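Shown next: final_36.json, containing JSON, C-alpha atoms.
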```json
[["chain", "number", "residue", "atom", "x", "y", "z"],
["A", 1, "MET", "CA", -11.84, -33.67, 14.33],
["A", 2, "THR", "CA", -8.82, -35.29, 15.98],
["A", 3, "ALA", "CA", -7.82, -34.58, 19.56],
["A", 4, "PRO", "CA", -4.65, -32.50, 19.97],
["A", 5, "SER", "CA", -1.55, -34.53, 20.72],
["A", 6, "PRO", "CA", -0.76, -34.63, 24.45],
["A", 7, "ALA", "CA", 2.83, -33.84, 23.45],
["A", 8, "LEU", "CA", 1.77, -30.26, 22.76],
["A", 9, "GLU", "CA", 1.24, -29.70, 26.48],
["A", 10, "LEU", "CA", 4.47, -31.26, 27.69],
["A", 11, "PRO", "CA", 7.59, -29.32, 28.70],
["A", 12, "ASP", "CA", 10.76, -29.90, 26.69],
["A", 13, "ALA", "CA", 12.37, -32.06, 29.38],
["A", 14, "SER", "CA", 9.43, -34.48, 29.27],
["A", 15, "LEU", "CA", 9.61, -34.66, 25.48],
["A", 16, "VAL", "CA", 13.34, -35.37, 25.65],
["A", 17, "ALA", "CA", 12.68, -38.13, 28.19],
["A", 18, "ALA", "CA", 9.93, -39.56, 25.97],
["A", 19, "TYR", "CA", 12.25, -39.57, 22.95],
["A", 20, "ARG", "CA", 14.93, -41.33, 25.00],
["A", 21, "ARG", "CA", 12.33, -44.03, 25.67],
["A", 22, "GLY", "CA", 11.79, -44.34, 21.92],
["A", 23, "ASP", "CA", 8.81, -42.05, 21.25],
["A", 24, "GLU", "CA", 9.56, -40.45, 17.88],
["A", 25, "ARG", "CA", 6.54, -38.14, 18.15],
["A", 26, "ALA", "CA", 8.24, -36.40, 21.06],
["A", 27, "ALA", "CA", 11.27, -35.57, 18.91],
["A", 28, "ALA", "CA", 9.05, -34.35, 16.09],
["A", 29, "GLU", "CA", 7.25, -32.05, 18.55],
["A", 30, "LEU", "CA", 10.58, -30.61, 19.71],
["A", 31, "VAL", "CA", 11.45, -29.83, 16.08],
["A", 32, "ARG", "CA", 8.05, -28.17, 15.51],
["A", 33, "ARG", "CA", 8.46, -26.18, 18.72],
["A", 34, "HIS", "CA", 11.98, -24.84, 18.19],
["A", 35, "SER", "CA", 12.90, -24.95, 14.48],
["A", 36, "ALA", "CA", 11.49, -21.53, 13.51],
["A", 37, "ALA", "CA", 13.21, -19.78, 16.43],
["A", 38, "LEU", "CA", 16.44, -21.62, 15.64],
["A", 39, "SER", "CA", 16.26, -20.49, 12.00],
["A", 40, "ARG", "CA", 15.78, -16.86, 13.16],
["A", 41, "PHE", "CA", 18.77, -17.15, 15.47],
["A", 42, "LEU", "CA", 21.00, -18.63, 12.74],
["A", 43, "TYR", "CA", 19.85, -16.05, 10.20],
["A", 44, "ALA", "CA", 20.55, -13.18, 12.60],
["A", 45, "ALA", "CA", 23.95, -14.70, 13.35],
["A", 46, "GLY", "CA", 24.81, -14.40, 9.66],
["A", 47, "ALA", "CA", 23.70, -17.67, 8.02],
["A", 48, "PRO", "CA", 22.31, -17.10, 4.50],
["A", 49, "ARG", "CA", 18.59, -17.76, 4.08],
["A", 50, "GLY", "CA", 19.29, -20.42, 1.48],
["A", 51, "GLU", "CA", 21.27, -22.46, 4.01],
["A", 52, "LEU", "CA", 18.88, -22.18, 6.95],
["A", 53, "GLU", "CA", 16.87, -25.35, 6.40],
["A", 54, "ASP", "CA", 19.99, -27.50, 6.07],
["A", 55, "LEU", "CA", 21.60, -25.90, 9.12],
["A", 56, "VAL", "CA", 18.44, -26.33, 11.20],
["A", 57, "GLN", "CA", 18.12, -29.96, 10.13],
["A", 58, "GLU", "CA", 21.78, -30.65, 10.88],
["A", 59, "THR", "CA", 21.44, -28.99, 14.30],
["A", 60, "PHE", "CA", 18.51, -31.17, 15.34],
["A", 61, "ILE", "CA", 20.14, -34.37, 14.10],
["A", 62, "LYS", "CA", 23.31, -33.56, 15.98],
["A", 63, "ALA", "CA", 21.32, -32.63, 19.09],
["A", 64, "PHE", "CA", 19.20, -35.79, 19.09],
["A", 65, "ARG", "CA", 22.27, -37.95, 18.58],
["A", 66, "ALA", "CA", 24.01, -36.24, 21.49],
["A", 67, "LEU", "CA", 21.10, -35.94, 23.91],
["A", 68, "ASP", "CA", 23.25, -37.23, 26.77],
["A", 69, "GLY", "CA", 25.09, -33.91, 26.49],
["A", 70, "TRP", "CA", 21.96, -32.06, 27.62],
["A", 71, "ARG", "CA", 21.72, -32.38, 31.37],
["A", 72, "GLY", "CA", 19.10, -29.72, 31.91],
["A", 73, "GLU", "CA", 21.31, -26.93, 33.31],
["A", 74, "ALA", "CA", 20.33, -24.79, 30.31],
["A", 75, "THR", "CA", 16.97, -24.94, 28.61],
["A", 76, "PHE", "CA", 16.72, -27.35, 25.69],
["A", 77, "ARG", "CA", 16.29, -24.37, 23.36],
["A", 78, "SER", "CA", 19.44, -22.56, 24.45],
["A", 79, "TRP", "CA", 21.42, -25.83, 24.30],
["A", 80, "LEU", "CA", 20.10, -26.34, 20.77],
["A", 81, "PHE", "CA", 21.12, -22.81, 19.79],
["A", 82, "ARG", "CA", 24.61, -23.48, 21.08],
["A", 83, "ILE", "CA", 24.88, -26.51, 18.76],
["A", 84, "GLY", "CA", 23.44, -24.44, 15.90],
["A", 85, "GLY", "CA", 25.97, -21.68, 16.60],
["A", 86, "ASN", "CA", 28.82, -24.19, 16.38],
["A", 87, "LEU", "CA", 27.49, -25.58, 13.09],
["A", 88, "ARG", "CA", 27.10, -22.06, 11.70],
["A", 89, "LYS", "CA", 30.74, -21.39, 12.61],
["A", 90, "ASP", "CA", 31.81, -24.63, 10.87],
["A", 91, "TRP", "CA", 29.75, -23.66, 7.82],
["A", 92, "PHE", "CA", 31.53, -20.29, 7.60],
["A", 93, "ARG", "CA", 34.89, -21.99, 7.96],
["A", 94, "ARG", "CA", 34.07, -24.38, 5.10],
["A", 95, "HIS", "CA", 32.72, -21.58, 2.89],
["A", 96, "ARG", "CA", 35.18, -18.86, 3.79],
["A", 97, "GLY", "CA", 35.19, -16.22, 1.08],
["A", 98, "ARG", "CA", 32.34, -17.87, -0.77],
["A", 99, "GLU", "CA", 29.39, -16.33, 1.04],
["A", 100, "VAL", "CA", 26.92, -14.95, -1.44],
["A", 101, "VAL", "CA", 24.09, -12.73, -0.29],
["A", 102, "SER", "CA", 21.09, -13.58, -2.39],
["A", 103, "ILE", "CA", 19.50, -10.63, -4.14],
["A", 104, "PHE", "CA", 16.21, -12.34, -3.35],
["A", 105, "ASP", "CA", 16.72, -12.24, 0.40],
["A", 106, "ALA", "CA", 15.10, -8.83, 0.68],
["A", 107, "ASP", "CA", 12.25, -9.75, -1.66],
["A", 108, "LEU", "CA", 10.81, -12.67, 0.24],
["A", 109, "ARG", "CA", 8.14, -10.73, 2.09],
["A", 110, "ASP", "CA", 4.83, -9.71, 0.58],
["A", 111, "SER", "CA", 4.61, -5.98, 0.75],
["A", 112, "ALA", "CA", 1.63, -3.64, 1.05],
["A", 113, "ASP", "CA", 3.94, -0.62, 1.38],
["A", 114, "PRO", "CA", 7.09, -1.26, -0.65],
["A", 115, "GLY", "CA", 8.83, 1.95, 0.53],
["A", 116, "ALA", "CA", 8.36, 1.27, 4.23],
["A", 117, "GLU", "CA", 9.15, -2.41, 3.74],
["A", 118, "ALA", "CA", 12.36, -1.58, 1.92],
["A", 119, "GLU", "CA", 13.37, 0.82, 4.70],
["A", 120, "ALA", "CA", 12.61, -1.77, 7.39],
["A", 121, "ALA", "CA", 14.51, -4.43, 5.45],
["A", 122, "ASP", "CA", 17.45, -2.06, 5.08],
["A", 123, "ALA", "CA", 17.47, -1.29, 8.83],
["A", 124, "GLU", "CA", 17.25, -5.01, 9.61],
["A", 125, "GLU", "CA", 20.11, -5.80, 7.26],
["A", 126, "ARG", "CA", 22.28, -3.08, 8.84],
["A", 127, "LEU", "CA", 21.63, -4.54, 12.28],
["A", 128, "ARG", "CA", 22.32, -8.05, 11.01],
["A", 129, "GLN", "CA", 25.61, -6.92, 9.51],
["A", 130, "GLY", "CA", 26.47, -5.10, 12.73],
["A", 131, "VAL", "CA", 25.74, -8.26, 14.72],
["A", 132, "GLY", "CA", 28.00, -10.14, 12.30],
["A", 133, "THR", "CA", 30.94, -7.90, 13.20],
["A", 134, "LEU", "CA", 30.72, -8.69, 16.92],
["A", 135, "PRO", "CA", 33.03, -11.22, 18.58],
["A", 136, "ARG", "CA", 31.31, -14.60, 18.85],
["A", 137, "LEU", "CA", 30.33, -14.49, 22.53],
["A", 138, "GLN", "CA", 29.01, -10.93, 22.27],
["A", 139, "ARG", "CA", 27.03, -11.88, 19.15],
["A", 140, "GLU", "CA", 25.48, -14.99, 20.68],
["A", 141, "VAL", "CA", 24.71, -13.35, 24.02],
["A", 142, "PHE", "CA", 23.13, -10.35, 22.28],
["A", 143, "LEU", "CA", 20.93, -12.59, 20.09],
["A", 144, "LEU", "CA", 19.93, -14.95, 22.89],
["A", 145, "ARG", "CA", 18.99, -11.97, 25.05],
["A", 146, "ALA", "CA", 17.58, -9.34, 22.67],
["A", 147, "GLN", "CA", 16.21, -11.53, 19.89],
["A", 148, "GLN", "CA", 15.16, -14.59, 21.90],
["A", 149, "GLY", "CA", 14.35, -12.83, 25.16],
["A", 150, "MET", "CA", 16.32, -15.30, 27.33],
["A", 151, "GLU", "CA", 17.47, -14.64, 30.90],
["A", 152, "TYR", "CA", 21.17, -14.35, 31.75],
["A", 153, "ASP", "CA", 21.12, -17.56, 33.82],
["A", 154, "ASP", "CA", 19.98, -19.60, 30.85],
["A", 155, "ILE", "CA", 22.33, -17.85, 28.44],
["A", 156, "ALA", "CA", 25.24, -18.46, 30.80],
["A", 157, "ALA", "CA", 24.38, -22.13, 31.23],
["A", 158, "SER", "CA", 24.18, -22.71, 27.49],
["A", 159, "LEU", "CA", 27.41, -20.85, 26.72],
["A", 160, "GLY", "CA", 29.36, -22.26, 29.65],
["A", 161, "THR", "CA", 29.94, -18.94, 31.35],
["A", 162, "THR", "CA", 28.58, -17.04, 34.37],
["A", 163, "PRO", "CA", 25.48, -14.82, 34.36],
["A", 164, "GLY", "CA", 27.71, -11.86, 35.28],
["A", 165, "ALA", "CA", 30.01, -12.49, 32.32],
["A", 166, "ALA", "CA", 26.99, -12.91, 30.02],
["A", 167, "ARG", "CA", 25.69, -9.54, 31.22],
["A", 168, "VAL", "CA", 29.06, -7.91, 30.49],
["A", 169, "HIS", "CA", 29.14, -9.44, 26.96],
["A", 170, "TYR", "CA", 25.61, -8.18, 26.35],
["A", 171, "HIS", "CA", 26.44, -4.61, 27.39],
["A", 172, "HIS", "CA", 29.60, -4.59, 25.28],
["A", 173, "ALA", "CA", 27.54, -5.78, 22.32],
["A", 174, "VAL", "CA", 24.88, -3.11, 22.88],
["A", 175, "LYS", "CA", 27.53, -0.40, 23.10],
["A", 176, "ARG", "CA", 29.19, -1.49, 19.87],
["A", 177, "LEU", "CA", 25.91, -1.92, 17.99],
["A", 178, "LYS", "CA", 24.68, 1.50, 19.08],
["A", 179, "GLU", "CA", 27.84, 3.01, 17.60],
["A", 180, "LEU", "CA", 27.65, 0.90, 14.44],
["A", 181, "ILE", "CA", 24.03, 1.47, 13.53],
["A", 182, "ALA", "CA", 23.48, 4.98, 14.94],
["B", 1, "MET", "CA", 21.64, 1.61, 40.19],
["B", 2, "THR", "CA", 21.01, 4.61, 37.96],
["B", 3, "GLU", "CA", 17.68, 5.11, 36.23],
["B", 4, "CYS", "CA", 19.39, 4.36, 32.89],
["B", 5, "ALA", "CA", 20.71, 1.05, 34.26],
["B", 6, "VAL", "CA", 17.28, 0.09, 35.60],
["B", 7, "LEU", "CA", 15.68, 0.78, 32.22],
["B", 8, "SER", "CA", 18.42, -1.08, 30.41],
["B", 9, "GLU", "CA", 17.76, -4.16, 32.57],
["B", 10, "ARG", "CA", 14.03, -4.09, 31.74],
["B", 11, "MET", "CA", 14.24, -3.41, 28.01],
["B", 12, "VAL", "CA", 14.33, -7.04, 26.86],
["B", 13, "ALA", "CA", 11.31, -7.96, 28.99],
["B", 14, "VAL", "CA", 9.31, -5.01, 27.63],
["B", 15, "ALA", "CA", 10.39, -5.70, 24.03],
["B", 16, "HIS", "CA", 9.20, -9.31, 24.46],
["B", 17, "ARG", "CA", 5.91, -8.15, 26.02],
["B", 18, "ARG", "CA", 6.63, -9.55, 29.46],
["B", 19, "GLY", "CA", 6.19, -6.09, 30.95],
["B", 20, "SER", "CA", 5.47, -2.47, 30.08],
["B", 21, "TRP", "CA", 6.94, 0.94, 30.86],
["B", 22, "SER", "CA", 5.65, 2.89, 33.82],
["B", 23, "PRO", "CA", 4.81, 6.57, 33.15],
["B", 24, "ASP", "CA", 8.10, 7.62, 34.85],
["B", 25, "GLU", "CA", 10.12, 5.19, 32.73],
["B", 26, "ALA", "CA", 8.36, 6.34, 29.56],
["B", 27, "ALA", "CA", 9.18, 9.96, 30.46],
["B", 28, "HIS", "CA", 12.84, 9.02, 31.01],
["B", 29, "LEU", "CA", 12.96, 7.36, 27.59],
["B", 30, "VAL", "CA", 11.69, 10.55, 25.99],
["B", 31, "ALA", "CA", 14.26, 12.67, 27.81],
["B", 32, "CYS", "CA", 17.35, 10.42, 27.58],
["B", 33, "GLY", "CA", 18.84, 10.02, 24.09],
["B", 34, "ASP", "CA", 21.20, 7.22, 25.16],
["B", 35, "CYS", "CA", 18.39, 5.10, 26.62],
["B", 36, "ARG", "CA", 16.22, 5.85, 23.57],
["B", 37, "ALA", "CA", 18.98, 4.60, 21.25],
["B", 38, "GLU", "CA", 19.38, 1.42, 23.31],
["B", 39, "TRP", "CA", 15.62, 0.86, 23.38],
["B", 40, "ARG", "CA", 15.45, 1.20, 19.58],
["B", 41, "LEU", "CA", 18.29, -1.32, 19.27],
["B", 42, "VAL", "CA", 16.65, -3.83, 21.63],
["B", 43, "GLN", "CA", 13.33, -3.51, 19.80],
["B", 44, "ALA", "CA", 15.08, -4.05, 16.47],
["B", 45, "GLY", "CA", 16.94, -7.03, 17.93],
["B", 46, "ALA", "CA", 13.67, -8.55, 19.14],
["B", 47, "GLN", "CA", 12.26, -8.23, 15.62],
["B", 48, "LEU", "CA", 15.34, -9.48, 13.77],
["B", 49, "GLY", "CA", 14.30, -12.20, 11.29],
["B", 50, "ARG", "CA", 10.74, -12.18, 12.65],
["B", 51, "ASP", "CA", 9.28, -13.09, 9.24],
["B", 52, "LEU", "CA", 11.06, -16.45, 9.44],
["B", 53, "GLU", "CA", 9.00, -17.30, 12.48],
["B", 54, "GLN", "CA", 5.86, -17.26, 10.34],
["B", 55, "THR", "CA", 7.24, -18.78, 7.15],
["B", 56, "PHE", "CA", 9.61, -21.49, 8.38],
["B", 57, "PRO", "CA", 8.30, -24.95, 7.33],
["B", 58, "ALA", "CA", 8.41, -26.51, 10.80],
["B", 59, "GLU", "CA", 6.19, -29.48, 9.91],
["B", 60, "MET", "CA", 8.31, -30.37, 6.90],
["B", 61, "MET", "CA", 11.45, -29.95, 9.00],
["B", 62, "ALA", "CA", 10.09, -32.37, 11.60],
["B", 63, "ALA", "CA", 9.52, -34.96, 8.86],
["B", 64, "ARG", "CA", 13.02, -34.41, 7.42],
["B", 65, "VAL", "CA", 14.71, -34.69, 10.80],
["B", 66, "MET", "CA", 12.81, -37.82, 11.76],
["B", 67, "ALA", "CA", 13.63, -39.45, 8.40],
["B", 68, "SER", "CA", 17.33, -38.68, 8.92],
["B", 69, "LEU", "CA", 17.30, -40.02, 12.47],
["B", 70, "ARG", "CA", 15.95, -43.34, 11.23],
["B", 71, "GLN", "CA", 19.13, -43.75, 9.17],
["B", 72, "PRO", "CA", 22.12, -45.16, 11.03],
["B", 73, "ALA", "CA", 24.49, -42.49, 12.32],
["B", 74, "PRO", "CA", 27.62, -42.16, 10.14],
["B", 75, "ARG", "CA", 30.58, -43.99, 11.68],
["B", 76, "PRO", "CA", 33.55, -41.82, 12.58],
["B", 77, "LEU", "CA", 36.54, -42.26, 10.27],
["B", 78, "ARG", "CA", 39.49, -44.01, 11.85],
["B", 79, "THR", "CA", 41.96, -43.14, 9.14],
["B", 80, "ARG", "CA", 45.30, -43.33, 10.91],
["B", 81, "ALA", "CA", 44.77, -46.62, 12.71],
["B", 82, "TRP", "CA", 43.57, -48.58, 9.70],
["B", 83, "ARG", "CA", 46.25, -47.15, 7.43],
["B", 84, "TRP", "CA", 49.01, -48.49, 9.69],
["B", 85, "LEU", "CA", 47.35, -51.89, 9.73],
["B", 86, "ALA", "CA", 46.35, -51.92, 6.07],
["B", 87, "ALA", "CA", 49.81, -51.29, 4.63],
["B", 88, "PRO", "CA", 51.54, -54.39, 6.09],
["B", 89, "ALA", "CA", 48.44, -56.47, 5.32],
["B", 90, "ALA", "CA", 48.58, -55.36, 1.67],
["B", 91, "VAL", "CA", 52.30, -56.21, 1.47],
["B", 92, "ALA", "CA", 51.67, -59.61, 3.05],
["B", 93, "ALA", "CA", 48.86, -60.29, 0.62],
["B", 94, "ALA", "CA", 51.04, -59.31, -2.35],
["B", 95, "ILE", "CA", 53.88, -61.64, -1.23],
["B", 96, "ALA", "CA", 51.48, -64.51, -0.62]]
```
Represent the structure of the file as structure tokens.
Amino acid sequence: MTAPSPALELPDASLVAAYRRGDERAAAELVRRHSAALSRFLYAAGAPRGELEDLVQETFIKAFRALDGWRGEATFRSWLFRIGGNLRKDWFRRHRGREVVSIFDADLRDSADPGAEAEAADAEERLRQGVGTLPRLQREVFLLRAQQGMEYDDIAASLGTTPGAARVHYHHAVKRLKELIA
Amino acid sequence: MTECAVLSERMVAVAHRRGSWSPDEAAHLVACGDCRAEWRLVQAGAQLGRDLEQTFPAEMMAARVMASLRQPAPRPLRTRAWRWLAAPAAVAAAIA
């Protein structure tokens, strides 16, 4: 049995510092740590499932090549999500009018109770579509807060706004989503 | 701060299991339709795309990202500058 990598115990800032010193394992650990959450965020923000891996990969490459842009005001994760959000926006601009929702998207889960699963998938899709209709800041603040469980300070730092403004965006988003999916 | 506002502030923490409802708060949720609707929305938001968390190939992604980072970064295109220089150079080469 091999000993667990010490990188597993380190905070993100230490891994970033290690990667800056040339330790590739630190970067790989950051990808392992954040890629699944990033894919969830991008999916909920409207990215098709079939594009998630490429978008996640592109986000990390861009982030690692621009590490000087992360000065630690926001968490590494929220900074990463900001880059991912920008790439998702670029992707939509490039593919405007060509988005295809795969008929297989709803069939990816194994299901013990197909009826309940279908209902849950339907509710999730309605919420996802509702989130997609929100203005960008409302959408990102809602996802960072409700989906990712982040605090307003961190959200504000990653989006370049104030915690008070982030709170206002969140409550506007909640109000609109309650109306949309009621 | 109203009771609804207090609950609204705590919903994300409870949905992400960083807290739980007190008996009074739970009773308010039962009685207040607006708070109940918001709580359902926050819970659904916390679950949105949850299956990806389990199925995303993080290890493979780490390998892909590291392989890409070992490649040199693409150089930015400097189209306008080199076009202005290239045209006279091409003319000069043709004359010579």
message = Between atom CA of A:Arg145 and atom CA of B:Ala46, what distance in Å does the model show, to one decimal?
response = 8.7 Å
request  = Name the residues in contact with B:Met60 at a cut-off of 12 Å, using only C-alpha atoms, excluding same-chain residues fewer than 2 positions from it; report them as a PyMOL selection string.
outcome  = (chain A and resi 28-29+31-32+35-36+53+56-57) or (chain B and resi 55-58+62-67)
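Distance-wise, atom CA of A:Arg139 and atom CA of A:Ala47 end up 13.0 Å apart.
The interatomic distance for the pair atom CA of A:Glu124 and atom CA of B:Ala27 works out to 26.9 Å.
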inquiry  = Residues within 8 Å of (23.0, -35.9, 11.3), file coordinates, counting all atoms listed in the file: what are they? Give the list as an NGL selection string.
reply    = (:A and (57-62 or 65)) or (:B and (68-69 or 73-74))
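Considering only C-alpha atoms, the residue among A:Glu179, A:Thr75, A:Ala146, A:Ala26 positioned nearest to chain B is A:Ala146.
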Within 12 Å of chain A: each chain B residue with its shortest pair, all atoms listed in the file, as a Markdown table:
```
| residue | atom | partner | partner_atom | distance |
| --- | --- | --- | --- | --- |
| B:Ala5 | CA | A:His171 | CA | 10.6 |
| B:Ser8 | CA | A:His171 | CA | 9.3 |
| B:Glu9 | CA | A:Arg167 | CA | 9.7 |
| B:Arg10 | CA | A:Gly149 | CA | 10.9 |
| B:Met11 | CA | A:Ala146 | CA | 8.7 |
| B:Val12 | CA | A:Ala146 | CA | 5.8 |
| B:Ala13 | CA | A:Gly149 | CA | 6.9 |
| B:Val14 | CA | A:Gly149 | CA | 9.6 |
| B:Ala15 | CA | A:Ala146 | CA | 8.2 |
| B:His16 | CA | A:Gly149 | CA | 6.3 |
| B:Arg17 | CA | A:Gly149 | CA | 9.7 |
| B:Arg18 | CA | A:Gly149 | CA | 9.4 |
| B:Gly33 | CA | A:Ala182 | CA | 11.4 |
| B:Asp34 | CA | A:Lys178 | CA | 9.0 |
| B:Cys35 | CA | A:Lys178 | CA | 10.5 |
| B:Arg36 | CA | A:Lys178 | CA | 10.5 |
| B:Ala37 | CA | A:Lys178 | CA | 6.8 |
| B:Glu38 | CA | A:Lys178 | CA | 6.8 |
| B:Trp39 | CA | A:Lys178 | CA | 10.0 |
| B:Arg40 | CA | A:Lys178 | CA | 9.2 |
| B:Leu41 | CA | A:Lys178 | CA | 7.0 |
| B:Val42 | CA | A:Ala146 | CA | 5.7 |
| B:Gln43 | CA | A:Ala146 | CA | 7.8 |
| B:Ala44 | CA | A:Glu124 | CA | 7.3 |
| B:Gly45 | CA | A:Gln147 | CA | 5.0 |
| B:Ala46 | CA | A:Gln147 | CA | 4.0 |
| B:Gln47 | CA | A:Gln147 | CA | 6.7 |
| B:Leu48 | CA | A:Glu124 | CA | 6.4 |
| B:Gly49 | CA | A:Arg40 | CA | 5.2 |
| B:Arg50 | CA | A:Arg40 | CA | 6.9 |
| B:Asp51 | CA | A:Arg109 | CA | 7.6 |
| B:Leu52 | CA | A:Arg40 | CA | 6.0 |
| B:Glu53 | CA | A:Ala36 | CA | 5.0 |
| B:Gln54 | CA | A:Ala36 | CA | 7.7 |
| B:Thr55 | CA | A:Ala36 | CA | 8.1 |
| B:Phe56 | CA | A:Ala36 | CA | 5.5 |
| B:Pro57 | CA | A:Ala36 | CA | 7.8 |
| B:Ala58 | CA | A:Arg32 | CA | 5.0 |
| B:Glu59 | CA | A:Arg32 | CA | 6.0 |
| B:Met60 | CA | A:Arg32 | CA | 8.9 |
| B:Met61 | CA | A:Gln57 | CA | 6.8 |
| B:Ala62 | CA | A:Ala28 | CA | 5.0 |
| B:Ala63 | CA | A:Ala28 | CA | 7.3 |
| B:Arg64 | CA | A:Gln57 | CA | 7.3 |
| B:Val65 | CA | A:Gln57 | CA | 5.9 |
| B:Met66 | CA | A:Ala28 | CA | 6.7 |
| B:Ala67 | CA | A:Ile61 | CA | 10.0 |
| B:Ser68 | CA | A:Ile61 | CA | 7.3 |
| B:Leu69 | CA | A:Ile61 | CA | 6.5 |
| B:Arg70 | CA | A:Glu24 | CA | 9.7 |
| B:Gln71 | CA | A:Ile61 | CA | 10.6 |
| B:Pro72 | CA | A:Arg65 | CA | 10.4 |
| B:Ala73 | CA | A:Arg65 | CA | 8.0 |
| B:Pro74 | CA | A:Arg65 | CA | 10.8 |
```
task = Using all atoms listed in the file, give me every residue within 12 Å of (28.6, -9.3, 28.5) in file coordinates, as JSON, numbers by chain.
result = {"A": [134, 135, 136, 137, 138, 139, 140, 141, 142, 143, 144, 145, 152, 155, 156, 159, 161, 162, 163, 164, 165, 166, 167, 168, 169, 170, 171, 172, 173, 174, 175, 176]}
Repair of stretch 35-48 of chain B at the level of N, CA and C atoms, as a JSON list (two decimals), keeping the file's coordinate frame:
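selection04.json, freshly written:
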```json
[["chain", "number", "residue", "atom", "x", "y", "z"],
["B", 35, "CYS", "N", 19.35, 6.18, 26.34],
["B", 35, "CYS", "CA", 18.39, 5.10, 26.62],
["B", 35, "CYS", "C", 17.48, 4.86, 25.41],
["B", 36, "ARG", "N", 17.10, 5.98, 24.75],
["B", 36, "ARG", "CA", 16.22, 5.85, 23.57],
["B", 36, "ARG", "C", 16.93, 5.04, 22.48],
["B", 37, "ALA", "N", 18.22, 5.34, 22.28],
["B", 37, "ALA", "CA", 18.98, 4.60, 21.25],
["B", 37, "ALA", "C", 19.07, 3.12, 21.61],
["B", 38, "GLU", "N", 19.29, 2.83, 22.90],
["B", 38, "GLU", "CA", 19.38, 1.42, 23.31],
["B", 38, "GLU", "C", 18.02, 0.73, 23.15],
["B", 39, "TRP", "N", 16.96, 1.44, 23.49],
["B", 39, "TRP", "CA", 15.62, 0.86, 23.38],
["B", 39, "TRP", "C", 15.29, 0.54, 21.93],
["B", 40, "ARG", "N", 15.67, 1.45, 21.01],
["B", 40, "ARG", "CA", 15.45, 1.20, 19.58],
["B", 40, "ARG", "C", 16.22, -0.04, 19.13],
["B", 41, "LEU", "N", 17.45, -0.17, 19.63],
["B", 41, "LEU", "CA", 18.29, -1.32, 19.27],
["B", 41, "LEU", "C", 17.68, -2.62, 19.80],
["B", 42, "VAL", "N", 17.23, -2.61, 21.04],
["B", 42, "VAL", "CA", 16.65, -3.83, 21.63],
["B", 42, "VAL", "C", 15.36, -4.21, 20.90],
["B", 43, "GLN", "N", 14.56, -3.21, 20.56],
["B", 43, "GLN", "CA", 13.33, -3.51, 19.80],
["B", 43, "GLN", "C", 13.68, -4.11, 18.44],
["B", 44, "ALA", "N", 14.68, -3.52, 17.78],
["B", 44, "ALA", "CA", 15.08, -4.05, 16.47],
["B", 44, "ALA", "C", 15.64, -5.46, 16.61],
["B", 45, "GLY", "N", 16.40, -5.68, 17.69],
["B", 45, "GLY", "CA", 16.94, -7.03, 17.93],
["B", 45, "GLY", "C", 15.83, -8.04, 18.14],
["B", 46, "ALA", "N", 14.79, -7.64, 18.87],
["B", 46, "ALA", "CA", 13.67, -8.55, 19.14],
["B", 46, "ALA", "C", 12.91, -8.90, 17.86],
["B", 47, "GLN", "N", 12.98, -8.00, 16.87],
["B", 47, "GLN", "CA", 12.26, -8.23, 15.62],
["B", 47, "GLN", "C", 13.12, -8.90, 14.55],
["B", 48, "LEU", "N", 14.41, -9.02, 14.80],
["B", 48, "LEU", "CA", 15.34, -9.48, 13.77],
["B", 48, "LEU", "C", 14.96, -10.87, 13.23]]
```
